[in-house]
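Colleague: Handing over my_file_35.pdb, PDB, C-alpha atoms.
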```
ATOM      1  CA  MET L 893     119.350 184.240 164.296
ATOM      2  CA  ALA L 894     122.908 184.733 163.051
ATOM      3  CA  ARG L 895     124.782 187.743 164.363
ATOM      4  CA  GLY L 896     124.895 189.439 160.961
ATOM      5  CA  ALA L 897     121.167 188.917 160.396
ATOM      6  CA  SER L 898     120.418 190.236 163.883
ATOM      7  CA  ALA L 899     122.464 193.376 163.227
ATOM      8  CA  ARG L 900     120.671 193.928 159.921
ATOM      9  CA  SER L 901     117.309 193.476 161.623
ATOM     10  CA  THR L 902     118.254 196.007 164.319
ATOM     11  CA  ALA L 903     119.429 198.473 161.679
ATOM     12  CA  THR L 904     116.211 198.033 159.693
ATOM     13  CA  THR L 905     114.134 198.589 162.816
ATOM     14  CA  ALA L 906     115.996 201.830 163.537
ATOM     15  CA  VAL L 907     115.428 203.015 159.968
ATOM     16  CA  LEU L 908     111.732 202.191 160.203
ATOM     17  CA  PHE L 909     111.368 204.029 163.519
ATOM     18  CA  ASP L 910     113.090 207.113 162.098
ATOM     19  CA  ALA L 911     110.941 207.073 158.972
ATOM     20  CA  THR L 912     107.715 206.497 160.891
ATOM     21  CA  ARG L 913     108.523 209.319 163.292
ATOM     22  CA  THR L 914     109.279 211.649 160.361
ATOM     23  CA  CYS L 915     106.074 210.692 158.579
ATOM     24  CA  LEU L 916     103.946 211.163 161.674
ATOM     25  CA  GLU L 917     105.483 214.580 162.310
ATOM     26  CA  ASN L 918     105.046 215.759 158.721
ATOM     27  CA  GLU L 919     101.876 213.986 157.600
ATOM     28  CA  GLY L 920      99.913 212.996 160.695
ATOM     29  CA  PRO L 921      98.560 209.735 162.099
ATOM     30  CA  GLU L 922      96.818 208.584 158.912
ATOM     31  CA  VAL L 923     100.091 208.185 157.021
ATOM     32  CA  SER L 924     100.059 205.016 154.941
ATOM     33  CA  ILE L 925     102.393 202.067 155.184
ATOM     34  CA  HIS L 926     103.341 202.761 151.549
ATOM     35  CA  ARG L 927     104.499 206.265 152.466
ATOM     36  CA  ILE L 928     106.562 204.905 155.356
ATOM     37  CA  ALA L 929     108.093 202.376 152.951
ATOM     38  CA  GLU L 930     108.940 205.179 150.526
ATOM     39  CA  VAL L 931     110.605 207.324 153.188
ATOM     40  CA  SER L 932     112.446 204.447 154.854
ATOM     41  CA  GLY L 933     113.607 202.696 151.690
ATOM     42  CA  VAL L 934     112.272 199.435 153.137
ATOM     43  CA  SER L 935     109.741 197.610 150.978
ATOM     44  CA  VAL L 936     106.189 197.132 152.192
ATOM     45  CA  GLY L 937     106.896 193.415 152.340
ATOM     46  CA  GLY L 938     110.021 194.129 154.388
ATOM     47  CA  ILE L 939     107.999 196.194 156.839
ATOM     48  CA  TYR L 940     105.454 193.411 157.246
ATOM     49  CA  TYR L 941     108.299 190.962 157.791
ATOM     50  CA  HIS L 942     109.179 192.922 160.939
ATOM     51  CA  TYR L 943     105.703 194.092 162.004
ATOM     52  CA  PRO L 944     102.404 192.296 161.378
ATOM     53  CA  SER L 945     100.420 195.485 160.824
ATOM     54  CA  ARG L 946     100.668 199.256 160.432
ATOM     55  CA  SER L 947      99.330 199.742 163.961
ATOM     56  CA  ALA L 948     102.037 197.416 165.322
ATOM     57  CA  LEU L 949     104.723 199.549 163.655
ATOM     58  CA  LEU L 950     103.166 202.754 165.014
ATOM     59  CA  ALA L 951     102.948 201.246 168.488
ATOM     60  CA  ALA L 952     106.565 200.070 168.404
ATOM     61  CA  THR L 953     107.712 203.500 167.213
ATOM     62  CA  GLY L 954     105.783 205.210 170.002
ATOM     63  CA  VAL L 955     107.216 202.862 172.622
ATOM     64  CA  ASP L 956     110.728 203.467 171.254
ATOM     65  CA  CYS L 957     110.226 207.249 171.433
ATOM     66  CA  PHE L 958     109.031 207.038 175.020
ATOM     67  CA  ALA L 959     111.872 204.709 176.008
ATOM     68  CA  GLN L 960     114.525 206.938 174.422
ATOM     69  CA  PHE L 961     113.049 210.078 175.951
ATOM     70  CA  ALA L 962     112.793 208.410 179.368
ATOM     71  CA  ALA L 963     116.420 207.262 179.174
ATOM     72  CA  TRP L 964     117.462 210.830 178.286
ATOM     73  CA  ALA L 965     115.408 212.391 181.067
ATOM     74  CA  HIS L 966     116.534 209.871 183.662
ATOM     75  CA  SER L 967     120.203 210.316 182.812
ATOM     76  CA  GLU L 968     120.169 213.275 185.214
ATOM     77  CA  LEU L 969     118.243 211.498 187.968
ATOM     78  CA  ASP L 970     120.636 208.749 189.009
ATOM     79  CA  ALA L 971     122.130 211.072 191.624
ATOM     80  CA  VAL L 972     118.719 212.219 192.945
ATOM     81  CA  ASP L 973     117.845 210.239 196.066
ATOM     82  CA  ASP L 974     114.327 211.634 196.549
ATOM     83  CA  PRO L 975     111.779 209.601 194.520
ATOM     84  CA  ALA L 976     109.145 212.362 194.664
ATOM     85  CA  LEU L 977     111.685 214.799 193.257
ATOM     86  CA  ARG L 978     112.521 212.332 190.485
ATOM     87  CA  VAL L 979     108.822 212.102 189.591
ATOM     88  CA  SER L 980     108.599 215.893 189.549
ATOM     89  CA  ILE L 981     111.673 216.400 187.370
ATOM     90  CA  PHE L 982     110.588 213.705 184.928
ATOM     91  CA  GLY L 983     107.103 215.214 184.700
ATOM     92  CA  ARG L 984     108.495 218.672 184.016
ATOM     93  CA  ARG L 985     110.832 217.313 181.347
ATOM     94  CA  PHE L 986     107.871 215.472 179.823
ATOM     95  CA  THR L 987     105.742 218.616 179.590
ATOM     96  CA  ARG L 988     108.694 220.310 177.873
ATOM     97  CA  MET L 989     109.149 217.506 175.341
ATOM     98  CA  PRO L 990     107.859 219.612 172.417
ATOM     99  CA  ASP L 991     110.840 221.932 173.005
ATOM    100  CA  THR L 992     113.537 219.269 173.338
ATOM    101  CA  HIS L 993     112.222 216.267 171.359
ATOM    102  CA  HIS L 994     109.510 217.606 169.078
ATOM    103  CA  SER L 995     109.220 214.611 166.739
ATOM    104  CA  TYR L 996     109.113 212.282 169.744
ATOM    105  CA  ALA L 997     106.311 214.345 171.290
ATOM    106  CA  VAL L 998     104.310 214.262 168.056
ATOM    107  CA  THR L 999     104.839 210.509 167.707
ATOM    108  CA  ILE L1000     103.759 209.775 171.286
ATOM    109  CA  TRP L1001     100.729 212.017 170.800
ATOM    110  CA  HIS L1002      99.682 210.252 167.600
ATOM    111  CA  THR L1003     100.380 206.706 168.826
ATOM    112  CA  GLN L1004      99.156 206.855 172.419
ATOM    113  CA  ARG L1005      96.013 204.877 171.548
ATOM    114  CA  PHE L1006      98.354 202.012 170.684
ATOM    115  CA  ILE L1007     101.139 202.355 173.244
ATOM    116  CA  TRP L1008      98.831 202.550 176.263
ATOM    117  CA  SER L1009      97.346 199.169 175.476
ATOM    118  CA  ASP L1010      97.865 196.339 177.946
ATOM    119  CA  GLU L1011     100.646 194.953 175.739
ATOM    120  CA  HIS L1012     102.809 198.068 176.101
ATOM    121  CA  ARG L1013     101.556 199.876 179.193
ATOM    122  CA  SER L1014     103.860 198.221 181.712
ATOM    123  CA  SER L1015     106.960 199.305 179.793
ATOM    124  CA  GLU L1016     105.727 202.903 179.652
ATOM    125  CA  GLU L1017     104.859 203.092 183.329
ATOM    126  CA  GLY L1018     108.035 201.364 184.458
ATOM    127  CA  TYR L1019     110.123 204.380 185.437
ATOM    128  CA  LEU L1020     107.248 206.252 187.036
ATOM    129  CA  GLU L1021     105.844 203.292 188.930
ATOM    130  CA  THR L1022     109.258 202.435 190.381
ATOM    131  CA  ASP L1023     109.658 205.977 191.711
ATOM    132  CA  VAL L1024     106.069 206.163 192.961
ATOM    133  CA  ARG L1025     106.353 202.885 194.857
ATOM    134  CA  GLU L1026     109.604 204.026 196.450
ATOM    135  CA  GLY L1027     107.835 207.270 197.378
ATOM    136  CA  ILE L1028     105.010 205.251 198.942
ATOM    137  CA  ALA L1029     107.553 203.342 201.037
ATOM    138  CA  ARG L1030     108.949 206.671 202.239
ATOM    139  CA  GLY L1031     105.519 208.068 203.049
ATOM    140  CA  GLN L1032     105.571 210.652 200.227
ATOM    141  CA  PHE L1033     102.695 209.237 198.175
ATOM    142  CA  ALA L1034      99.397 207.526 199.000
ATOM    143  CA  ALA L1035      99.439 203.736 199.211
ATOM    144  CA  ASP L1036      95.879 203.217 197.957
ATOM    145  CA  LEU L1037      94.511 203.288 194.389
ATOM    146  CA  VAL L1038      98.053 203.272 193.013
ATOM    147  CA  PRO L1039      97.258 202.186 189.413
ATOM    148  CA  ALA L1040      94.493 204.789 189.192
ATOM    149  CA  ARG L1041      96.721 207.516 190.602
ATOM    150  CA  ILE L1042      99.525 206.677 188.159
ATOM    151  CA  SER L1043      97.056 206.640 185.261
ATOM    152  CA  ALA L1044      95.717 210.031 186.335
ATOM    153  CA  ALA L1045      99.218 211.515 186.532
ATOM    154  CA  ILE L1046     100.212 210.149 183.114
ATOM    155  CA  GLY L1047      96.908 211.252 181.607
ATOM    156  CA  MET L1048      97.432 214.823 182.813
ATOM    157  CA  MET L1049     100.907 214.980 181.327
ATOM    158  CA  LEU L1050      99.775 213.522 178.002
ATOM    159  CA  HIS L1051      96.909 215.996 177.815
ATOM    160  CA  PHE L1052      99.242 218.913 178.459
ATOM    161  CA  LEU L1053     101.649 217.549 175.843
ATOM    162  CA  SER L1054      98.846 217.608 173.275
ATOM    163  CA  LEU L1055      97.836 221.133 174.306
ATOM    164  CA  ARG L1056     101.381 222.380 173.747
ATOM    165  CA  LEU L1057     101.580 220.734 170.344
ATOM    166  CA  LEU L1058      98.254 222.260 169.344
ATOM    167  CA  ASN L1059      99.129 225.642 170.844
ATOM    168  CA  PRO L1060     102.916 226.198 170.740
ATOM    169  CA  ARG L1061     102.483 229.577 172.451
ATOM    170  CA  LEU L1062     101.368 227.862 175.643
ATOM    171  CA  PRO L1063     104.271 228.433 178.069
ATOM    172  CA  ALA L1064     106.212 225.359 179.066
ATOM    173  CA  LYS L1065     106.281 226.619 182.658
ATOM    174  CA  ASP L1066     102.497 226.122 182.799
ATOM    175  CA  GLY L1067     103.373 222.457 182.876
ATOM    176  CA  ASP L1068     104.889 222.971 186.303
ATOM    177  CA  ASP L1069     101.424 223.754 187.672
ATOM    178  CA  LEU L1070     100.163 220.571 186.053
ATOM    179  CA  VAL L1071     102.982 218.532 187.609
ATOM    180  CA  GLU L1072     102.021 220.007 190.985
ATOM    181  CA  VAL L1073      98.466 218.712 190.484
ATOM    182  CA  ALA L1074      99.803 215.340 189.299
ATOM    183  CA  LEU L1075     101.900 215.004 192.457
ATOM    184  CA  ILE L1076      98.830 215.742 194.551
ATOM    185  CA  ALA L1077      96.926 213.104 192.561
ATOM    186  CA  LEU L1078      99.661 210.655 193.568
ATOM    187  CA  GLY L1079      98.967 211.552 197.191
ATOM    188  CA  ALA L1080     101.737 214.064 197.894
ATOM    189  CA  ASP L1081     101.163 216.762 200.489
ATOM    190  CA  ALA L1082      99.988 219.955 198.750
ATOM    191  CA  GLY L1083     102.827 222.069 200.123
ATOM    192  CA  ALA L1084     105.454 219.498 199.174
ATOM    193  CA  ALA L1085     103.910 219.151 195.707
ATOM    194  CA  ARG L1086     104.115 222.885 195.129
ATOM    195  CA  ASP L1087     107.745 223.032 196.234
ATOM    196  CA  LEU L1088     108.779 220.030 194.135
ATOM    197  CA  ALA L1089     107.031 221.266 190.992
ATOM    198  CA  HIS L1090     108.397 224.797 191.119
ATOM    199  CA  ARG L1091     111.927 224.530 192.437
ATOM    200  CA  ARG L1092     114.713 225.236 189.976
ATOM    201  CA  LEU L1093     115.279 222.423 187.506
ATOM    202  CA  PRO L1094     118.734 220.850 187.284
ATOM    203  CA  ARG L1095     120.771 221.614 184.216
ATOM    204  CA  ARG L1096     119.187 219.877 181.257
ATOM    205  CA  PRO L1097     120.969 216.744 179.964
ATOM    206  CA  ALA L1098     122.731 217.097 176.635
ATOM    207  CA  LEU L1099     120.417 216.454 173.687
TER     208      LEU L1099
END
```
Output the file's structure as structure tokens, nothing else.

Modeller:
Amino acid sequence: MARGASARSTATTAVLFDATRTCLENEGPEVSIHRIAEVSGVSVGGIYYHYPSRSALLAATGVDCFAQFAAWAHSELDAVDDPALRVSIFGRRFTRMPDTHHSYAVTIWHTQRFIWSDEHRSSEEGYLETDVREGIARGQFAADLVPARISAAIGMMLHFLSLRLLNPRLPAKDGDDLVEVALIALGADAGAARDLAHRRLPRRPAL
């Protein structure tokens, strides 16, 4: 693909992601491809040129939201040497996503049935699995049932995310208790899990 065409394709993809995220936040998961076309200014045919189906566009938008949020959250973790602490901080940022990245939280909530498919799952678990496996090597997490433990931890955080979207009055700090349980599910010592999930968070990265 020529450089100019590639740049146009990237720009169109960004426009489609923005429009899909806006539509999901304002209209819910049943929003039509025609409505996304209207909001984005990209024709229905143009959308199908980039994505073979509506579900493929929703999945790609959800993956993009998770990737951008993860990059934001991990921007503060490069200097953190402790993998269990990185898992804890990321989990606490994730449970606070409705406060910092509301449209991203709504999009991930509405598209999770697509983005946790086998096609996309590895990209979503990448950051967490890397930290968990380093924690296993350091004796911080259990070395057995690793995929199940990671799935349990992610499932807890996603469930809490949905609870906070459905009930905005639910305190974000309640997510710290959930992260404590998630760390235990990963095999962390109960005392260490409590300390990691409740110690003072670093200063939040710029939004």

Colleague: Select all residues near (106.1, 216.1, 179.3) (cut-off 8 Å, inclusive, file coordinates), counting only C-alpha atoms, and output them as a PyMOL selection string.

Modeller: chain L and resi 982-990+1049-1050+1052-1053+1067

Colleague: Output the selection as a PDB file, in the frame of the given file - C-alpha atoms for each residue.

Modeller:
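The new file out_36.pdb reads:
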```
ATOM      1  CA  PHE L 982     110.588 213.705 184.928  1.00  0.00           C
ATOM      2  CA  GLY L 983     107.103 215.214 184.700  1.00  0.00           C
ATOM      3  CA  ARG L 984     108.495 218.672 184.016  1.00  0.00           C
ATOM      4  CA  ARG L 985     110.832 217.313 181.347  1.00  0.00           C
ATOM      5  CA  PHE L 986     107.871 215.472 179.823  1.00  0.00           C
ATOM      6  CA  THR L 987     105.742 218.616 179.590  1.00  0.00           C
ATOM      7  CA  ARG L 988     108.694 220.310 177.873  1.00  0.00           C
ATOM      8  CA  MET L 989     109.149 217.506 175.341  1.00  0.00           C
ATOM      9  CA  PRO L 990     107.859 219.612 172.417  1.00  0.00           C
ATOM     10  CA  MET L1049     100.907 214.980 181.327  1.00  0.00           C
ATOM     11  CA  LEU L1050      99.775 213.522 178.002  1.00  0.00           C
ATOM     12  CA  PHE L1052      99.242 218.913 178.459  1.00  0.00           C
ATOM     13  CA  LEU L1053     101.649 217.549 175.843  1.00  0.00           C
ATOM     14  CA  GLY L1067     103.373 222.457 182.876  1.00  0.00           C
TER      15      GLY L1067
END
```

Colleague: Applying the PyMOL selection byres ((chain L and resi 1039-1045) around 7) to the file I just gave you, which residues come out? Please list them as a list in words.

Modeller: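 Residues picked by the PyMOL selection byres ((chain L and resi 1039-1045) around 7): Leu1037, Val1038, Ile1046, Gly1047, Met1048, Met1049, Ala1074, Ala1077 and Leu1078 of chain L.
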
Colleague: Hey, what's within 7 Å of segment 1081-1091 of chain L if we count all atoms listed in the file and toss same-chain stuff fewer than 5 positions away? As a list in words, please?

Modeller: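 Once the nearby chain positions are removed, what remains is Leu977, Ser980, Asp1068, Asp1069, Val1071, Glu1072, Leu1075 and Ile1076 of chain L.
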
Colleague: Given the file shown, determine the residues that the PyMOL selection byres ((chain L and resi 934-943) around 12) selects; report them as a ChimeraX atom specification.

Modeller: /L:898,900-912,924-933,944-953

Colleague: Just checking: using all atoms listed in the file, which residue out of L:Gly1079, L:Gly954, L:Ala963, L:Pro1094 ends up closest to His1002 of chain L?

Modeller: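 So, comparing all the options, the nearest one is L:Gly954.
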
Colleague: Ranking L:Leu1099, L:Asp1023, L:Phe958, L:Ala1034 by minimum distance to Val972 of chain L and counting all atoms listed in the file, which one comes first?

Modeller: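 Counting all atoms listed in the file, the residue closest to Val972 of chain L is L:Asp1023.
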
Colleague: Once the PyMOL selection byres ((chain L and resi 1020) around 10) is applied to the coordinates I shared, what remains selected? I want it as a list in words.

Modeller: Ala962, Pro975, Ala976, Arg978, Val979, Phe982, Gly983, Glu1016, Glu1017, Gly1018, Tyr1019, Glu1021, Thr1022, Asp1023, Val1024, Arg1025, Glu1026, Ile1042, Ala1045 and Ile1046 of chain L

Colleague: Which distance in Å separates atom CA of Asp956 of chain L and atom CA of Arg913 of chain L, to one decimal?

Modeller: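 Result for atom CA of Asp956 of chain L versus atom CA of Arg913 of chain L: 10.1 Å, one decimal.
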
Colleague: Between L:Ile1000, L:Cys915, L:Arg1096, L:Pro921, which one has atoms that come closest to Cys957 of chain L, using all atoms listed in the file?

Modeller: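 Selected residue with least distance to Cys957 of chain L: L:Ile1000.
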
Colleague: Just to confirm, what's the straight-line distance from atom CA of Asp974 of chain L to atom CA of Arg1092 of chain L in Å (one decimal)?

Modeller: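 Taking atom CA of Asp974 of chain L and atom CA of Arg1092 of chain L, their separation equals 15.1 Å.
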
Colleague: Closest to Tyr996 of chain L among L:Leu1055, L:Leu916, L:Ala971, L:Pro1060, using all atoms listed in the file?

Modeller: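 For Tyr996 of chain L, the nearest of the candidates is L:Leu916.
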
Colleague: Could you work out how far atom CA of Leu1093 of chain L lies from atom CA of Gln1004 of chain L, giving the answer in Å with one decimal?

Modeller: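 These atoms are spaced 27.0 Å apart.
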
Colleague: Here is a test: counting only C-alpha atoms, which residue of L:Thr999, L:Gln1032, L:Asn1059, L:Ser1054 is nearest to Asn918 of chain L?

Modeller: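 With only C-alpha atoms as the atom set, the closest residue is L:Thr999.
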
Colleague: Taking (104.6, 219.2, 166.3) in the file's coordinates, which residues come within 6 Å, counting only C-alpha atoms, written as a ChimeraX atom specification?

Modeller: /L:994,998,1057
